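K.L.:
Next comes my_file.csv, CSV, C-alpha atoms:
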chain,number,residue,atom,x,y,z
A,1,GLU,CA,0.0,0.0,0.0
A,2,TRP,CA,1.5,3.3,-1.1
A,3,GLU,CA,0.3,6.8,-0.1
A,4,ALA,CA,2.0,10.0,-0.9
A,5,GLU,CA,1.4,13.8,-0.5
A,6,VAL,CA,3.2,16.7,-2.0
A,7,ARG,CA,2.4,20.3,-0.9
A,8,TYR,CA,3.7,23.6,-2.3
A,9,GLU,CA,3.0,26.9,-0.5
A,10,GLN,CA,3.8,30.5,-1.3
A,11,ASN,CA,3.0,33.3,1.1
A,12,THR,CA,3.8,36.9,0.2
A,13,SER,CA,2.2,40.3,0.6
A,14,GLU,CA,0.7,40.0,-2.9
A,15,ARG,CA,-0.7,36.4,-2.7
A,16,TYR,CA,-1.2,33.2,-0.8
A,17,LEU,CA,-0.9,30.1,-2.9
A,18,THR,CA,-1.1,26.5,-2.0
A,19,ASN,CA,-1.1,23.3,-4.1
A,20,THR,CA,-1.6,19.9,-2.6
A,21,LEU,CA,-1.2,16.6,-4.5
A,22,ARG,CA,-2.3,13.3,-3.0
A,23,GLY,CA,-2.2,9.7,-4.2
A,24,HIS,CA,-3.0,6.2,-3.0
A,25,LEU,CA,-2.3,2.8,-4.4
A,26,ASP,CA,-3.3,-0.5,-2.7
A,27,PHE,CA,-1.6,-3.8,-3.2
A,28,ASN,CA,-3.1,-5.6,-0.2
A,29,THR,CA,-4.3,-9.2,-0.4
A,30,GLY,CA,-6.3,-11.2,2.2
A,31,TYR,CA,-7.5,-14.8,2.5
A,32,ALA,CA,-10.3,-16.4,4.5
A,33,GLU,CA,-12.5,-19.5,4.7
A,34,GLY,CA,-16.2,-18.8,4.1
A,35,SER,CA,-19.4,-20.9,4.1
A,36,THR,CA,-22.0,-20.4,1.4
A,37,ALA,CA,-25.1,-22.2,0.2
A,38,ALA,CA,-22.8,-24.2,-2.1
A,39,GLY,CA,-20.6,-25.3,0.8
A,40,ALA,CA,-17.2,-24.1,2.2
A,41,ARG,CA,-15.3,-21.6,0.0
A,42,ARG,CA,-11.8,-20.2,0.2
A,43,GLN,CA,-12.0,-16.5,-0.4
A,44,ARG,CA,-9.4,-14.0,-1.5
A,45,VAL,CA,-9.7,-10.2,-1.1
A,46,GLU,CA,-7.7,-7.8,-3.2
A,47,PRO,CA,-8.8,-4.2,-2.5
A,48,ARG,CA,-7.0,-2.6,-5.4
A,49,SER,CA,-8.5,0.9,-4.9
A,50,GLN,CA,-6.5,3.8,-6.3
A,51,TYR,CA,-7.0,7.6,-6.2
A,52,ILE,CA,-5.1,10.8,-7.1
A,53,ALA,CA,-6.3,14.3,-6.2
A,54,ASP,CA,-4.9,17.8,-6.6
A,55,LYS,CA,-6.1,21.0,-5.0
A,56,VAL,CA,-5.0,24.5,-5.7
A,57,GLU,CA,-6.0,27.6,-3.7
A,58,LEU,CA,-5.1,31.3,-4.4
A,59,THR,CA,-6.0,34.3,-2.2
A,60,MET,CA,-5.0,37.8,-3.1
A,61,PRO,CA,-6.1,41.4,-2.4
A,62,VAL,CA,-7.3,43.4,-5.4
A,63,GLY,CA,-7.5,46.9,-3.9
A,64,GLY,CA,-9.5,48.5,-1.1
A,65,SER,CA,-11.5,46.0,1.0
A,66,ARG,CA,-11.8,43.6,-1.9
A,67,THR,CA,-10.3,40.1,-1.8
A,68,LEU,CA,-10.2,37.6,-4.7
A,69,LYS,CA,-10.1,33.9,-4.1
A,70,TRP,CA,-9.7,31.1,-6.6
A,71,SER,CA,-9.7,27.4,-6.0
A,72,ALA,CA,-9.6,24.3,-8.2
A,73,THR,CA,-9.9,20.6,-7.3
A,74,ALA,CA,-9.6,17.5,-9.4
A,75,ALA,CA,-9.7,13.9,-8.3
A,76,TYR,CA,-9.8,10.4,-9.9
A,77,ASN,CA,-10.9,7.2,-8.1
A,78,HIS,CA,-10.7,3.6,-9.3
A,79,HIS,CA,-12.5,0.9,-7.2
A,80,PRO,CA,-12.4,-2.7,-8.7
A,81,THR,CA,-14.6,-5.2,-6.9
A,82,ARG,CA,-15.0,-9.0,-7.1
A,83,LEU,CA,-17.8,-10.7,-5.1
A,84,LEU,CA,-18.8,-14.3,-4.8
A,85,THR,CA,-22.6,-14.4,-5.0
A,86,ALA,CA,-25.4,-16.8,-3.9
A,87,ALA,CA,-25.9,-17.7,-7.6
A,88,ASP,CA,-22.5,-19.4,-7.5
A,89,THR,CA,-21.0,-16.8,-9.8
A,90,THR,CA,-18.4,-14.0,-9.3
A,91,GLN,CA,-19.6,-10.5,-9.9
A,92,ARG,CA,-17.0,-8.1,-11.3
A,93,ILE,CA,-17.8,-4.4,-11.1
A,94,ASP,CA,-15.1,-1.8,-11.7
A,95,SER,CA,-16.2,1.7,-10.6
A,96,ASP,CA,-14.4,4.8,-11.9
A,97,ASP,CA,-15.3,8.3,-11.1
A,98,ILE,CA,-13.7,11.7,-11.8
A,99,MET,CA,-14.5,15.0,-10.1
A,100,ALA,CA,-13.4,18.5,-11.1
A,101,GLU,CA,-14.4,21.8,-9.6
A,102,THR,CA,-13.2,25.4,-9.8
A,103,THR,CA,-14.5,28.5,-7.9
A,104,LEU,CA,-13.8,32.2,-8.2
A,105,SER,CA,-14.9,34.4,-5.3
A,106,LEU,CA,-14.9,38.2,-4.9
A,107,ARG,CA,-15.5,39.6,-1.4
A,108,GLN,CA,-16.0,43.2,-0.7
A,109,ARG,CA,-17.6,45.6,1.8
A,110,ILE,CA,-20.5,47.7,0.6
A,111,PHE,CA,-22.5,50.2,2.8
A,112,GLY,CA,-21.2,48.6,6.0
A,113,PHE,CA,-21.9,45.0,5.2
A,114,TRP,CA,-19.9,42.2,3.5
A,115,THR,CA,-21.0,40.9,0.1
A,116,SER,CA,-19.6,37.9,-1.9
A,117,TRP,CA,-19.9,36.7,-5.4
A,118,ASP,CA,-18.9,33.1,-6.1
A,119,ALA,CA,-18.8,31.6,-9.5
A,120,THR,CA,-18.4,27.8,-9.6
A,121,ALA,CA,-18.2,25.2,-12.4
A,122,SER,CA,-18.1,21.5,-11.5
A,123,TYR,CA,-18.2,18.1,-13.2
A,124,TYR,CA,-18.7,14.6,-11.8
A,125,GLY,CA,-18.5,11.6,-14.0
A,126,ALA,CA,-18.8,7.9,-13.0
A,127,ARG,CA,-19.1,4.6,-14.8
A,128,TYR,CA,-19.5,0.9,-14.0
A,129,SER,CA,-17.9,-1.8,-16.1
A,130,ASP,CA,-17.5,-5.6,-15.9
A,131,GLY,CA,-14.0,-5.6,-17.4
A,132,THR,CA,-15.2,-6.1,-21.0
A,133,ALA,CA,-18.0,-3.5,-21.5
A,134,PHE,CA,-19.4,-0.4,-19.8
A,135,LEU,CA,-22.6,-1.1,-17.9
A,136,THR,CA,-23.5,2.4,-16.9
A,137,ARG,CA,-22.2,5.9,-17.7
A,138,TYR,CA,-23.4,8.8,-15.6
A,139,SER,CA,-22.3,12.5,-15.3
A,140,VAL,CA,-23.5,15.7,-13.6
A,141,ALA,CA,-22.2,19.1,-14.7
A,142,LYS,CA,-23.1,22.3,-12.8
A,143,GLY,CA,-22.6,26.0,-13.3
A,144,MET,CA,-23.4,28.2,-10.3
A,145,VAL,CA,-23.4,31.9,-9.4
A,146,ARG,CA,-23.8,32.5,-5.7
A,147,PRO,CA,-24.4,36.1,-4.5
A,148,SER,CA,-24.4,36.4,-0.7
A,149,ALA,CA,-24.4,39.2,1.9
A,150,SER,CA,-23.8,39.4,5.6
A,151,LEU,CA,-25.5,42.3,7.4
A,152,PRO,CA,-24.5,43.1,11.0
A,153,ILE,CA,-27.3,44.0,13.4
A,154,ARG,CA,-27.3,45.0,17.0
A,155,ASP,CA,-25.9,42.0,19.0
A,156,GLY,CA,-25.9,39.7,15.9
A,157,SER,CA,-25.8,39.3,12.2
A,158,ILE,CA,-28.0,38.1,9.3
A,159,SER,CA,-26.6,36.2,6.3
A,160,VAL,CA,-28.4,35.5,3.1
A,161,ALA,CA,-27.4,33.7,-0.2
A,162,ALA,CA,-29.2,32.7,-3.4
A,163,PRO,CA,-27.2,30.2,-5.4
A,164,LEU,CA,-28.4,30.2,-9.1
A,165,THR,CA,-27.5,26.8,-10.5
A,166,LEU,CA,-27.7,25.2,-13.9
A,167,VAL,CA,-27.6,21.4,-13.6
A,168,SER,CA,-27.0,19.1,-16.6
A,169,MET,CA,-27.2,15.3,-16.0
A,170,ARG,CA,-26.5,12.5,-18.5
A,171,LEU,CA,-27.2,8.8,-18.2
A,172,ASP,CA,-26.2,6.4,-20.9
A,173,GLY,CA,-26.6,8.9,-23.7
A,174,ARG,CA,-29.8,10.6,-22.3
A,175,GLY,CA,-29.7,14.1,-20.9
A,176,MET,CA,-31.7,16.5,-18.7
A,177,THR,CA,-30.9,20.2,-17.9
A,178,THR,CA,-32.5,22.0,-15.0
A,179,PHE,CA,-32.2,25.6,-13.6
A,180,VAL,CA,-32.7,25.9,-9.8
A,181,VAL,CA,-32.4,28.5,-7.0
A,182,GLN,CA,-31.2,27.2,-3.7
A,183,PRO,CA,-31.9,29.8,-1.0
A,184,GLU,CA,-29.9,30.0,2.3
A,185,VAL,CA,-30.5,32.3,5.3
A,186,SER,CA,-29.0,32.3,8.8
A,187,LEU,CA,-29.4,34.5,11.9
A,188,ARG,CA,-27.1,34.9,14.9
A,189,TYR,CA,-28.2,36.9,17.9
A,190,LYS,CA,-26.7,37.4,21.3
A,191,LEU,CA,-29.6,37.5,23.8
A,192,SER,CA,-27.4,38.4,26.8
A,193,GLY,CA,-23.9,38.1,28.1
A,194,MET,CA,-24.5,34.4,28.8
A,195,SER,CA,-26.8,33.2,26.0
A,196,ASP,CA,-27.2,33.4,22.3
A,197,ILE,CA,-29.3,31.9,19.5
A,198,MET,CA,-28.7,30.8,16.0
A,199,ALA,CA,-31.2,29.8,13.3
A,200,ALA,CA,-30.7,28.7,9.7
A,201,TYR,CA,-32.5,27.4,6.7
A,202,SER,CA,-31.3,26.1,3.4
A,203,ALA,CA,-32.6,24.2,0.3
A,204,ALA,CA,-30.5,22.1,-1.9
A,205,TYR,CA,-31.1,20.3,-5.3
A,206,VAL,CA,-29.1,17.0,-5.1
A,207,PRO,CA,-28.8,14.7,-8.1
A,208,GLN,CA,-28.8,11.0,-7.4
A,209,THR,CA,-25.7,8.9,-7.2
A,210,ILE,CA,-24.7,6.4,-9.9
A,211,GLY,CA,-25.8,3.5,-7.6
A,212,MET,CA,-29.3,5.0,-7.4
A,213,VAL,CA,-29.8,5.6,-11.2
A,214,THR,CA,-28.1,2.5,-12.8
A,215,SER,CA,-30.5,0.0,-14.2
A,216,CYS,CA,-27.9,-2.7,-13.9
A,217,PRO,CA,-28.7,-5.3,-11.2
A,218,ILE,CA,-25.7,-5.2,-8.8
A,219,TYR,CA,-25.0,-7.5,-5.8
A,220,THR,CA,-24.3,-5.4,-2.8
A,221,SER,CA,-23.5,-8.5,-0.7
A,222,TYR,CA,-23.5,-12.2,-1.1
A,223,ASN,CA,-27.3,-12.6,-1.5
A,224,ASN,CA,-28.6,-9.0,-1.9
A,225,ILE,CA,-29.2,-7.4,-5.3
A,226,THR,CA,-30.2,-3.8,-5.9
A,227,THR,CA,-31.5,-2.4,-9.2
A,228,GLY,CA,-31.7,1.4,-9.6
A,229,SER,CA,-34.3,3.5,-11.4
A,230,GLY,CA,-32.5,3.8,-14.8
A,231,GLU,CA,-33.8,7.4,-14.9
A,232,LEU,CA,-32.2,10.8,-14.3
A,233,GLU,CA,-33.5,11.9,-10.9
A,234,ALA,CA,-32.7,14.4,-8.1
A,235,GLN,CA,-33.9,15.2,-4.6
A,236,TRP,CA,-34.9,18.5,-3.0
A,237,ARG,CA,-33.5,18.7,0.6
A,238,HIS,CA,-34.9,21.4,2.9
A,239,MET,CA,-33.1,21.8,6.3
A,240,ALA,CA,-33.8,24.1,9.2
A,241,ASN,CA,-32.3,24.3,12.7
A,242,VAL,CA,-32.4,26.5,15.8
A,243,ILE,CA,-29.7,26.3,18.5
A,244,TYR,CA,-29.9,28.1,21.9
A,245,THR,CA,-26.9,28.0,24.1
A,246,VAL,CA,-26.3,29.4,27.6
A,247,SER,CA,-23.3,29.4,29.9
A,248,ASN,CA,-22.3,30.8,33.2
A,249,MET,CA,-18.6,30.3,33.8
A,250,SER,CA,-18.8,31.8,37.4
A,251,TYR,CA,-21.1,28.9,38.4
A,252,GLY,CA,-19.6,26.3,36.0
A,253,LEU,CA,-22.9,25.8,34.2
A,254,SER,CA,-23.6,25.4,30.5
A,255,GLY,CA,-26.4,24.1,28.4
A,256,SER,CA,-28.0,24.0,24.9
A,257,ILE,CA,-31.2,23.2,23.2
A,258,MET,CA,-31.2,22.2,19.5
A,259,ALA,CA,-34.2,21.7,17.2
A,260,PHE,CA,-33.5,20.3,13.7
A,261,MET,CA,-35.8,19.5,10.7
A,262,SER,CA,-35.0,17.9,7.4
A,263,HIS,CA,-37.5,17.3,4.6
A,264,ASN,CA,-36.5,15.4,1.4
A,265,ARG,CA,-38.7,15.4,-1.7
A,266,GLY,CA,-38.2,13.1,-4.7
A,267,MET,CA,-36.8,10.0,-2.9
A,268,THR,CA,-36.9,6.8,-4.9
A,269,LEU,CA,-39.4,4.2,-3.7
A,270,TYR,CA,-38.1,0.6,-3.7
A,271,GLU,CA,-39.9,-2.7,-3.5
A,272,SER,CA,-38.2,-5.8,-2.1
A,273,HIS,CA,-38.9,-9.5,-2.4
A,274,LEU,CA,-37.2,-12.8,-1.8
A,275,ASP,CA,-36.2,-14.8,-4.8
A,276,GLY,CA,-35.1,-18.2,-3.5
A,277,ILE,CA,-32.2,-17.2,-1.2
A,278,ILE,CA,-31.6,-13.9,-3.0
A,279,TYR,CA,-33.1,-10.7,-1.6
A,280,ARG,CA,-34.0,-8.4,-4.5
A,281,ARG,CA,-34.5,-4.6,-4.0
A,282,GLU,CA,-35.7,-2.8,-7.1
A,283,ALA,CA,-36.7,0.8,-7.9
A,284,THR,CA,-40.4,1.2,-8.7
A,285,GLY,CA,-40.3,4.5,-10.6
A,286,ALA,CA,-42.5,6.1,-7.8
A,287,HIS,CA,-41.2,8.7,-5.4
A,288,TYR,CA,-42.0,9.8,-1.9
A,289,SER,CA,-41.1,12.5,0.7
A,290,SER,CA,-39.5,11.9,4.1
A,291,THR,CA,-39.3,14.2,7.1
A,292,MET,CA,-36.9,14.0,10.1
A,293,LEU,CA,-37.5,16.0,13.3
A,294,ASN,CA,-35.0,16.1,16.1
A,295,LEU,CA,-35.0,17.8,19.5
A,296,SER,CA,-32.0,17.6,21.9
A,297,LEU,CA,-31.2,19.1,25.3
A,298,ARG,CA,-27.8,19.1,27.0
A,299,GLY,CA,-26.6,20.5,30.3
A,300,SER,CA,-23.4,20.3,32.4
A,301,LYS,CA,-22.0,21.5,35.7
A,302,THR,CA,-18.4,21.6,36.7
A,303,PHE,CA,-17.1,21.4,40.3
A,304,ASP,CA,-13.7,22.5,41.6
A,305,TRP,CA,-13.3,19.3,43.6
A,306,ALA,CA,-11.3,16.7,41.6
A,307,LYS,CA,-12.0,18.6,38.4
A,308,THR,CA,-15.5,17.0,38.3
A,309,THR,CA,-17.9,17.5,35.5
A,310,LEU,CA,-21.5,16.1,35.4
A,311,SER,CA,-23.3,16.1,32.1
A,312,LEU,CA,-27.0,15.2,31.3
A,313,ALA,CA,-28.5,14.9,27.9
A,314,ALA,CA,-31.8,13.9,26.4
A,315,GLY,CA,-33.2,13.7,22.9
A,316,ALA,CA,-36.2,12.8,20.8
A,317,ALA,CA,-36.3,12.1,17.0
A,318,SER,CA,-39.0,11.2,14.5
A,319,TYR,CA,-38.5,9.9,11.0
A,320,SER,CA,-41.5,9.6,8.6
A,321,TYR,CA,-41.2,7.8,5.3
A,322,ARG,CA,-43.0,5.4,3.0
A,323,MET,CA,-42.4,1.7,2.4
A,324,MET,CA,-43.7,-0.5,-0.5
A,325,ILE,CA,-45.8,-3.3,1.0
A,326,GLY,CA,-47.8,-5.5,-1.4
A,327,ARG,CA,-47.5,-2.9,-4.2
A,328,GLU,CA,-48.8,-0.2,-2.0
A,329,ALA,CA,-46.7,2.7,-0.6
A,330,LEU,CA,-47.6,2.8,3.1
A,331,PRO,CA,-46.6,5.5,5.6
A,332,TYR,CA,-44.2,4.5,8.4
A,333,ARG,CA,-42.7,6.3,11.3
A,334,MET,CA,-39.6,5.6,13.4
A,335,THR,CA,-39.3,7.4,16.8
A,336,THR,CA,-36.2,7.3,19.0
A,337,TYR,CA,-35.7,8.6,22.5
A,338,THR,CA,-32.3,8.9,24.1
A,339,THR,CA,-31.0,9.8,27.6
A,340,GLU,CA,-27.5,10.0,28.9
A,341,ALA,CA,-25.6,10.8,32.1
A,342,ARG,CA,-21.9,11.3,32.2
A,343,LEU,CA,-19.5,11.9,35.1
A,344,SER,CA,-15.8,12.6,34.7
A,345,MET,CA,-13.3,13.5,37.4
A,346,MET,CA,-9.5,13.7,38.0
A,347,PRO,CA,-8.8,13.4,41.7
A,348,THR,CA,-5.0,13.2,41.1
A,349,PRO,CA,-2.8,14.1,38.2
A,350,TRP,CA,-2.2,10.4,37.5
A,351,LEU,CA,-5.8,9.2,37.9
A,352,ALA,CA,-8.8,10.0,35.7
A,353,VAL,CA,-12.3,8.4,36.0
A,354,ASP,CA,-15.0,8.6,33.4
A,355,GLY,CA,-18.4,7.0,33.6
A,356,ARG,CA,-21.3,7.0,31.2
A,357,THR,CA,-24.8,5.6,31.3
A,358,ALA,CA,-27.1,5.8,28.3
A,359,MET,CA,-30.5,4.5,27.2
A,360,THR,CA,-31.9,4.4,23.7
A,361,SER,CA,-35.5,3.4,22.9
A,362,SER,CA,-36.8,3.2,19.4
A,363,ARG,CA,-40.2,2.2,17.9
A,364,THR,CA,-41.0,1.6,14.2
A,365,GLY,CA,-44.4,1.0,12.7
A,366,GLN,CA,-47.0,1.9,10.2
A,367,LYS,CA,-48.8,5.2,10.9
A,368,GLY,CA,-52.4,4.7,12.1
A,369,GLY,CA,-51.9,1.1,13.3
A,370,GLY,CA,-50.3,-2.2,12.2
A,371,ASP,CA,-47.4,-4.1,13.8
A,372,VAL,CA,-44.9,-2.1,15.8
A,373,SER,CA,-41.3,-3.2,16.6
A,374,ALA,CA,-39.7,-1.7,19.7
A,375,VAL,CA,-36.0,-1.9,20.8
A,376,THR,CA,-34.5,-0.6,24.0
A,377,GLN,CA,-30.8,-0.5,24.7
A,378,LEU,CA,-29.1,0.3,28.0
A,379,SER,CA,-25.3,0.7,28.2
A,380,HIS,CA,-22.9,1.5,31.0
A,381,ARG,CA,-19.2,2.4,30.7
A,382,LEU,CA,-16.5,3.1,33.3
A,383,GLY,CA,-13.0,4.0,32.3
Show me, as structure tokens, the structure contained in the file I just sent.

P.N.:
Amino acid sequence: EWEAEVRYEQNTSERYLTNTLRGHLDFNTGYAEGSTAAGARRQRVEPRSQYIADKVELTMPVGGSRTLKWSATAAYNHHPTRLLTAADTTQRIDSDDIMAETTLSLRQRIFGFWTSWDATASYYGARYSDGTAFLTRYSVAKGMVRPSASLPIRDGSISVAAPLTLVSMRLDGRGMTTFVVQPEVSLRYKLSGMSDIMAAYSAAYVPQTIGMVTSCPIYTSYNNITTGSGELEAQWRHMANVIYTVSNMSYGLSGSIMAFMSHNRGMTLYESHLDGIIYRREATGAHYSSTMLNLSLRGSKTFDWAKTTLSLAAGAASYSYRMMIGREALPYRMTTYTTEARLSMMPTPWLAVDGRTAMTSSRTGQKGGGDVSAVTQLSHRLG
């Protein structure tokens, strides 16, 4: 296994330039004895993954309060795989992907607040082959202009951005081009000398990966096959969060409350069935939306004696999604509750004690009734 890195850096009053080149080459081989439906098998593993990546960054002042930044990144990855399957065959899938991106940014101060203009061009290309022919070719090219501004307010700041993006996707000779706006907004505000609050929202248009769009059935394990949609698809991801923090160093107290929401639209709906001893998972062509909600609380108190810190935490999460059952997309929900207590202390310079107790309880079931599966885990650790 070889791994190398070369870095060049130039730092002057006129510019700051860095160039980092990385590479990795794997020659490892492993052997093992395995048991399959056909009997005992001697297995050999040769993870021949390879990659090379180069990143260039340049920062330079261009007069007044303006700063110009330019960056460029390129990477190539090669991942060959061989997998013994339940069908008593060996699957060969060679995965190659290339990524390139360049960004030019201009930052300047206008009427008392900072503004930035970012122009980005990127390309991602991936392909699957079986050593003799290409099974899937997939690429995503993007051109983006991202204007943003940061406005200071009393005891805080507001930041807004509106990336304007042209997305071009191609899959096995077919193409699709889309223009999207992906808004971003955030607020930071200091409520007092001991507490502050931060809130943020963003929306992102995310093309699917090659593994999701390929129509080629691919073994992901010994007896699991996944078949993608064979279509050009993307998801919309909406995320929002609010974080409130408080601390009083005089009394050794600190705490936080965090609320998080994520809503995904355009997720691919899969159906699964057992074919003999092979578990098949296939895209149906239908789509659904999922929502995740999370609330967490954390507090801690430090004591002078033995440098002791007591921490308590609790959280609740809910994930709503759909599952294909009998050719019908049924709504499901998974809820999770967590609690944790932790005590750490150092009574002497050569002795440290850390103890943790945690409980996690989760329930999964169909909304409105049906079977519900519940799991509760309790763990203790002392170190």

K.L.:
Find the residue from A:Ser247, A:His263, A:Lys301, A:Thr226 that sits nearest to A:Ala283; use all atoms listed in the file when measuring.

P.N.:
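Looking at the shortest contact to A:Ala283, the residue is A:Thr226.
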
K.L.:
List as a PyMOL selection string the protein and nucleic acid residues near A:Tyr138, meaning an atom at most 6 Å away when only C-alpha atoms are counted, but skip any in the same chain fewer than 2 places from it.

P.N.:
chain A and resi 125-126+170-171

K.L.:
Nearest to A:Ile153: which of A:Ala100, A:Leu253, A:Leu166, A:Leu187 is it, counting all atoms listed in the file?

P.N.:
A:Leu187

K.L.:
With all atoms listed in the file as the counted atoms, please give the residues lying no more than 9 Å from stretch 84-98 of chain A, apart from itself and same-chain residues fewer than 5 positions off, as number ranges by chain.

P.N.:
A: 36-38, 43, 74-79, 123-131, 135, 218-219, 221-224, 277-278

K.L.:
Which is closest to A:Ser344 among A:Gly368, A:Gly266, A:Gly193, A:Gly383, if we use all atoms listed in the file?

P.N.:
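Among the listed residues, the smallest separation from A:Ser344 belongs to A:Gly383.
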
K.L.:
Counting all atoms listed in the file, which residue out of A:Glu101, A:Arg82, A:Tyr189, A:Trp305 sits closest to A:Thr220?

P.N.:
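Distance minimum relative to A:Thr220 lands on A:Arg82.
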
K.L.:
Atom CA of A:Met346 and atom CA of A:Leu378 are how many Å apart?

P.N.:
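According to the coordinates, atom CA of A:Met346 and atom CA of A:Leu378 are separated by 25.8 Å.
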
K.L.:
Mind checking which residues fall within 10 Å of A:Phe111, counting all atoms listed in the file, ignoring those fewer than 3 positions away in the same chain, and posting them as a PyMOL selection string?

P.N.:
chain A and resi 114-115+151

K.L.:
Taking (-46.7, -4.3, 0.5) in the file's coordinates, which residues come within 12 Å, counting all atoms listed in the file, written as an MDAnalysis selection string?

P.N.:
chainID A and resid 269:273 322:331 366

K.L.:
Store the residues picked out above, limited to C-alpha atoms, as a PDB file, in the coordinates of the input.

P.N.:
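After the write, again_38.pdb holds the following:
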ATOM      1  CA  LEU A 269     -39.400   4.200  -3.700  1.00  0.00           C
ATOM      2  CA  TYR A 270     -38.100   0.600  -3.700  1.00  0.00           C
ATOM      3  CA  GLU A 271     -39.900  -2.700  -3.500  1.00  0.00           C
ATOM      4  CA  SER A 272     -38.200  -5.800  -2.100  1.00  0.00           C
ATOM      5  CA  HIS A 273     -38.900  -9.500  -2.400  1.00  0.00           C
ATOM      6  CA  ARG A 322     -43.000   5.400   3.000  1.00  0.00           C
ATOM      7  CA  MET A 323     -42.400   1.700   2.400  1.00  0.00           C
ATOM      8  CA  MET A 324     -43.700  -0.500  -0.500  1.00  0.00           C
ATOM      9  CA  ILE A 325     -45.800  -3.300   1.000  1.00  0.00           C
ATOM     10  CA  GLY A 326     -47.800  -5.500  -1.400  1.00  0.00           C
ATOM     11  CA  ARG A 327     -47.500  -2.900  -4.200  1.00  0.00           C
ATOM     12  CA  GLU A 328     -48.800  -0.200  -2.000  1.00  0.00           C
ATOM     13  CA  ALA A 329     -46.700   2.700  -0.600  1.00  0.00           C
ATOM     14  CA  LEU A 330     -47.600   2.800   3.100  1.00  0.00           C
ATOM     15  CA  PRO A 331     -46.600   5.500   5.600  1.00  0.00           C
ATOM     16  CA  GLN A 366     -47.000   1.900  10.200  1.00  0.00           C
TER      17      GLN A 366
END

K.L.:
Considering all atoms listed in the file, state which residue in the set A:Thr177, A:Ser362, A:Thr308, A:Ser318 is at the smallest distance from A:Pro207.

P.N.:
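Selected residue with least distance to A:Pro207: A:Thr177.
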
K.L.:
When you draw a straight line from atom CA of A:Arg107 to atom CA of A:Leu68, how long is it in Å?

P.N.:
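For atom CA of A:Arg107 relative to atom CA of A:Leu68, the distance reads 6.6 Å.
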
K.L.:
Which residues are near A:Leu295? Cut-off 8 Å, all atoms listed in the file, ignore same chain within fewer than 3 positions. Put them as number ranges by chain.

P.N.:
A: 257-260, 315-317
